[in-house]
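Notes follow once the structure below has been shown.
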Amino acid sequence: STREWQAADSAHFLHPFTDHQALAAKGARVITRGEGIYVWDSEGHRILDAMSGLWCVNVGYGQPALEDAALRQMRTLPFYNAFFQTTTPPAVMLAERLAGIAPGFKHVFFSSSGSEANDTNIRLVRRYWDLMGQPQRQVIISRRNAYHGSTLAAASLGGMPAMHAQGGLPIPGIVHIEQPHDWAHREGAARGLTRDDFGRLAASWLEDKILELGSETVAAFIAEPVQGAGGVIVPADTYWPEVQRICERHGVLLISDEVICGFGRTGQWWGSQTFGSRPDLMTFAKGITSGYVPLGGVMVGERVAQVLIERGGEFEHGYTYSGHPVACAVALANLDLIEQLGLVQRVREDTGPWLARQLATLQDHPIVGGVQSCGLMAAVQLSREPRTGAAFDPAHAIGMVCRRHCFDHGLVMRAVGDRMIVAPPLVITREQIDEMMGLVRQALDRTWEEARASG
Ligand code: PLP
């Protein structure tokens with residue numbers, strides 16, 4: 001029964017990013033199955049999963065092609081490593097396939113997660129500069145409020161203050177600049193800056209930091225095309241081209257973390273294509289298998305790959321599951337399905353614009369201070385006073401209030417502070433977007449009523 005699941009869960013399972021006392025008081029919601037864009041809990045309630053699990057179930061739940069691919073590969077060869085000058089057909093085929101959909105990239109390094117892939121990035125760029133005879137280029141610049149994973153190094157790349165406060169992060173050699181905030185744009189607007197001006201200003205913070213550190217010490221800059229877990233911060237069109245110019249001017253490698261933005265989320269295979277940047281390395285995970293099995297990795301551009309291959313000797317880095325054959329077989333089936341269903345184009349031309357249009361209708365809601373979206377990822381900013389943009393008192397934890405009302409209405413939305421996030425499976429239809437937005441509106445109504453009642 002649900003009670004038994006909950007009791008065993010709180011007795012034994014330490015959840016990621018969870019306050020366990022709060023969880024024990026309520027009991028975990030037990031999710032038992034999924035189909036399309038919906039999941040069901042152990043009490044039989046249907047829930048519209050507007051977060052694609054955790055930004056990953058791009059082709060939706062219950063796709064037989066992915067299940068069959070896993071089973072076939074498990075029966076043929078469930079595991080073999082890639083360490084002993086050995087390889088497996090699914091890993092080779094996936095590497096070749098990825099090179100085909102990532103313009104300018106011919107090589108890939110596999111991991112099992114985005115966190116491990118970002119650790120790999122750090123190892124790769126430092127190794128590159130060693131081999132280039134510039135070992136003093138060690139520093140990696142990242143952005144505040146970014147999430148790049150949970151290992152010591154990936155959590156250090158991320159700029160989450162709450163994470164850094166636990167465990168003595170960041171590790172040395174990682175520094176942070178400000179993100180291209182939505183609120184800062186509001187501030188910028190108050191100072192007479194256009195959105196494009198603000199994009200250039202936000203990019204200039206990278207150059208300021210490079211000059212402060214001395215470009216001869218900076219190895220790379222890492223960022224997501226659209227900052228995801230940081231609140232779906234969609235940058236101005238001027239931001240990425242200017243970042244690209246700055247990296248080129250100072251010889252700094254550019255790493256695009258595509259863990260959320262990759263595989264169609266922004267309406268192109270890669271978020272960097274949507275924003276016109278040309279990264280040297282790209283991190284991926286999540287959507288590569290639609291979350292059905294764990295897989296991640298780094299697309300390694302020729303500038304780095306050639307040096308590593310021709311001058312590097314043995315690269316002292318790798319994971320037991322680098323190129324796991326079952327994960328790679330599922331990824332191939334997933335990419336086939338994305339292509340067969342035309343999901344990338346559908347997000348760009350149909351469902352992405354449709355979502356943007358529906359979101360715009362929320363602008364006049366008394367608790368909505370603004371909306372932002374890119375393809376099928378979007379944020380709704382909650383505001384105490386939308387006209388002035390005044391924020392709620394943090395003690396209200398208004399995002400968590402809204403998340404609770406979403407759950408009560410059969411909808412999963414994520415709260416990032418006062419920003420409510422949607423990133424539904426890419427198979428969602430226009431009709432289902434309408435259904436989702438109806439639920440969003442009901443949850444916002446209830447949140448507004450509760451906020452008003454509590455003054
Ligand atoms: N990078 C980004 C942008 C992410 O959003 C995440 C996870 O949410 C990661 C890296 C870490 O990926 P994983 O949880 O697979 O380690």
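Numbering starts fresh at 1 for the residues of each chain in the structure tokens, the chains themselves are lettered A, B, ... in the order given, and ligands are numbered from 1 as they appear.
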Kindly assemble as a Markdown table a list of the region 242-263 of chain A residues that lie within 12 Å of region 329-352 of chain A, each paired with its nearest atom pair and their distance in Å to one decimal, using only C-alpha atoms, sorted first by chain and then by ascending residue number.
```
| residue | atom | partner | partner_atom | distance |
| --- | --- | --- | --- | --- |
| A:Cys261 | CA | A:Val344 | CA | 11.5 |
| A:Gly262 | CA | A:Val344 | CA | 10.2 |
| A:Phe263 | CA | A:Val344 | CA | 7.5 |
```
- Item | Protein and nucleic acid residues within 9 Å of ligand 1 (only C-alpha atoms and all ligand atoms) as number ranges by chain | A: 54-56, 112-118, 146-151, 154-155, 158, 223-224, 226-230, 257-261, 283-286, 294-296
- Extract, using only C-alpha atoms, all DNA, RNA and protein residues at most 12 Å from region 99-104 of chain A, discarding same-chain residues fewer than 2 positions from it, and format them as a ChimeraX atom specification. /A:92-97,106-109,258,262-264,268-273,276-284,288,298-305,335-336,339,344
- In region 163-333 of chain A, what's strand (DSSP E or B) per DSSP? Answer as a list in words? Ile174, Val175, His176, Ile177, Val218, Ala219, Ala220, Phe221, Ile222, Ala223, Gln227, Ile233, Leu253, Leu254, Ile255, Ser256, Asp257, Leu281, Met282, Thr283, Phe284, Gly296, Gly297, Val298, Met299, Val300 and Gly301 of chain A
Could you save the residues just selected, with N, CA and C atoms, as a PDB file, in the first residue's frame?
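What follows is the written file again.pdb:
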```
ATOM      1  N   ILE A 174      38.170  27.519  -9.859  1.00  0.00           N
ATOM      2  CA  ILE A 174      36.875  27.762 -10.508  1.00  0.00           C
ATOM      3  C   ILE A 174      36.326  29.080  -9.963  1.00  0.00           C
ATOM      4  N   VAL A 175      36.011  29.998 -10.851  1.00  0.00           N
ATOM      5  CA  VAL A 175      35.487  31.298 -10.412  1.00  0.00           C
ATOM      6  C   VAL A 175      34.181  31.594 -11.145  1.00  0.00           C
ATOM      7  N   HIS A 176      33.390  32.471 -10.576  1.00  0.00           N
ATOM      8  CA  HIS A 176      32.038  32.711 -11.107  1.00  0.00           C
ATOM      9  C   HIS A 176      31.813  34.173 -11.474  1.00  0.00           C
ATOM     10  N   ILE A 177      31.020  34.349 -12.531  1.00  0.00           N
ATOM     11  CA  ILE A 177      30.559  35.696 -12.877  1.00  0.00           C
ATOM     12  C   ILE A 177      29.034  35.715 -12.762  1.00  0.00           C
ATOM     13  N   VAL A 218      43.365  31.587 -17.902  1.00  0.00           N
ATOM     14  CA  VAL A 218      41.985  31.096 -18.041  1.00  0.00           C
ATOM     15  C   VAL A 218      41.917  29.975 -19.089  1.00  0.00           C
ATOM     16  N   ALA A 219      41.408  28.813 -18.647  1.00  0.00           N
ATOM     17  CA  ALA A 219      41.315  27.654 -19.545  1.00  0.00           C
ATOM     18  C   ALA A 219      40.024  27.676 -20.349  1.00  0.00           C
ATOM     19  N   ALA A 220      38.902  27.951 -19.681  1.00  0.00           N
ATOM     20  CA  ALA A 220      37.608  27.782 -20.364  1.00  0.00           C
ATOM     21  C   ALA A 220      36.516  28.562 -19.659  1.00  0.00           C
ATOM     22  N   PHE A 221      35.444  28.785 -20.408  1.00  0.00           N
ATOM     23  CA  PHE A 221      34.202  29.330 -19.854  1.00  0.00           C
ATOM     24  C   PHE A 221      33.117  28.297 -20.096  1.00  0.00           C
ATOM     25  N   ILE A 222      32.334  27.985 -19.060  1.00  0.00           N
ATOM     26  CA  ILE A 222      31.238  27.016 -19.216  1.00  0.00           C
ATOM     27  C   ILE A 222      29.909  27.679 -18.895  1.00  0.00           C
ATOM     28  N   ALA A 223      28.912  27.399 -19.725  1.00  0.00           N
ATOM     29  CA  ALA A 223      27.569  27.929 -19.472  1.00  0.00           C
ATOM     30  C   ALA A 223      26.555  27.124 -20.254  1.00  0.00           C
ATOM     31  N   GLN A 227      19.981  29.042 -19.145  1.00  0.00           N
ATOM     32  CA  GLN A 227      20.206  28.495 -17.809  1.00  0.00           C
ATOM     33  C   GLN A 227      18.914  27.822 -17.330  1.00  0.00           C
ATOM     34  N   ILE A 233      16.597  31.060 -17.608  1.00  0.00           N
ATOM     35  CA  ILE A 233      17.004  32.430 -17.922  1.00  0.00           C
ATOM     36  C   ILE A 233      17.341  32.452 -19.421  1.00  0.00           C
ATOM     37  N   LEU A 253      38.665  28.469 -24.159  1.00  0.00           N
ATOM     38  CA  LEU A 253      37.771  27.435 -24.688  1.00  0.00           C
ATOM     39  C   LEU A 253      36.349  27.686 -24.196  1.00  0.00           C
ATOM     40  N   LEU A 254      35.377  27.382 -25.061  1.00  0.00           N
ATOM     41  CA  LEU A 254      33.969  27.573 -24.709  1.00  0.00           C
ATOM     42  C   LEU A 254      33.302  26.206 -24.555  1.00  0.00           C
ATOM     43  N   ILE A 255      32.730  25.994 -23.365  1.00  0.00           N
ATOM     44  CA  ILE A 255      32.013  24.735 -23.094  1.00  0.00           C
ATOM     45  C   ILE A 255      30.528  25.051 -22.977  1.00  0.00           C
ATOM     46  N   SER A 256      29.720  24.407 -23.815  1.00  0.00           N
ATOM     47  CA  SER A 256      28.281  24.588 -23.739  1.00  0.00           C
ATOM     48  C   SER A 256      27.685  23.392 -23.003  1.00  0.00           C
ATOM     49  N   ASP A 257      27.075  23.644 -21.849  1.00  0.00           N
ATOM     50  CA  ASP A 257      26.447  22.545 -21.110  1.00  0.00           C
ATOM     51  C   ASP A 257      25.038  22.357 -21.672  1.00  0.00           C
ATOM     52  N   LEU A 281      33.490  22.436 -26.723  1.00  0.00           N
ATOM     53  CA  LEU A 281      33.054  21.193 -26.090  1.00  0.00           C
ATOM     54  C   LEU A 281      31.574  21.335 -25.722  1.00  0.00           C
ATOM     55  N   MET A 282      30.845  20.209 -25.750  1.00  0.00           N
ATOM     56  CA  MET A 282      29.437  20.261 -25.340  1.00  0.00           C
ATOM     57  C   MET A 282      29.145  19.103 -24.394  1.00  0.00           C
ATOM     58  N   THR A 283      28.553  19.409 -23.246  1.00  0.00           N
ATOM     59  CA  THR A 283      28.142  18.380 -22.288  1.00  0.00           C
ATOM     60  C   THR A 283      26.739  17.917 -22.641  1.00  0.00           C
ATOM     61  N   PHE A 284      26.494  16.612 -22.591  1.00  0.00           N
ATOM     62  CA  PHE A 284      25.121  16.130 -22.762  1.00  0.00           C
ATOM     63  C   PHE A 284      24.829  15.035 -21.739  1.00  0.00           C
ATOM     64  N   GLY A 296      25.634   9.935 -20.284  1.00  0.00           N
ATOM     65  CA  GLY A 296      26.051  11.313 -20.505  1.00  0.00           C
ATOM     66  C   GLY A 296      27.318  11.313 -21.332  1.00  0.00           C
ATOM     67  N   GLY A 297      27.883  12.495 -21.515  1.00  0.00           N
ATOM     68  CA  GLY A 297      29.137  12.560 -22.245  1.00  0.00           C
ATOM     69  C   GLY A 297      29.500  13.970 -22.659  1.00  0.00           C
ATOM     70  N   VAL A 298      30.620  14.046 -23.363  1.00  0.00           N
ATOM     71  CA  VAL A 298      31.128  15.327 -23.858  1.00  0.00           C
ATOM     72  C   VAL A 298      31.397  15.196 -25.353  1.00  0.00           C
ATOM     73  N   MET A 299      30.813  16.101 -26.134  1.00  0.00           N
ATOM     74  CA  MET A 299      31.208  16.213 -27.544  1.00  0.00           C
ATOM     75  C   MET A 299      32.492  17.039 -27.543  1.00  0.00           C
ATOM     76  N   VAL A 300      33.540  16.475 -28.155  1.00  0.00           N
ATOM     77  CA  VAL A 300      34.855  17.119 -28.107  1.00  0.00           C
ATOM     78  C   VAL A 300      35.185  17.644 -29.507  1.00  0.00           C
ATOM     79  N   GLY A 301      35.281  18.969 -29.617  1.00  0.00           N
ATOM     80  CA  GLY A 301      35.570  19.595 -30.910  1.00  0.00           C
ATOM     81  C   GLY A 301      36.993  19.301 -31.365  1.00  0.00           C
TER      82      GLY A 301
END
```
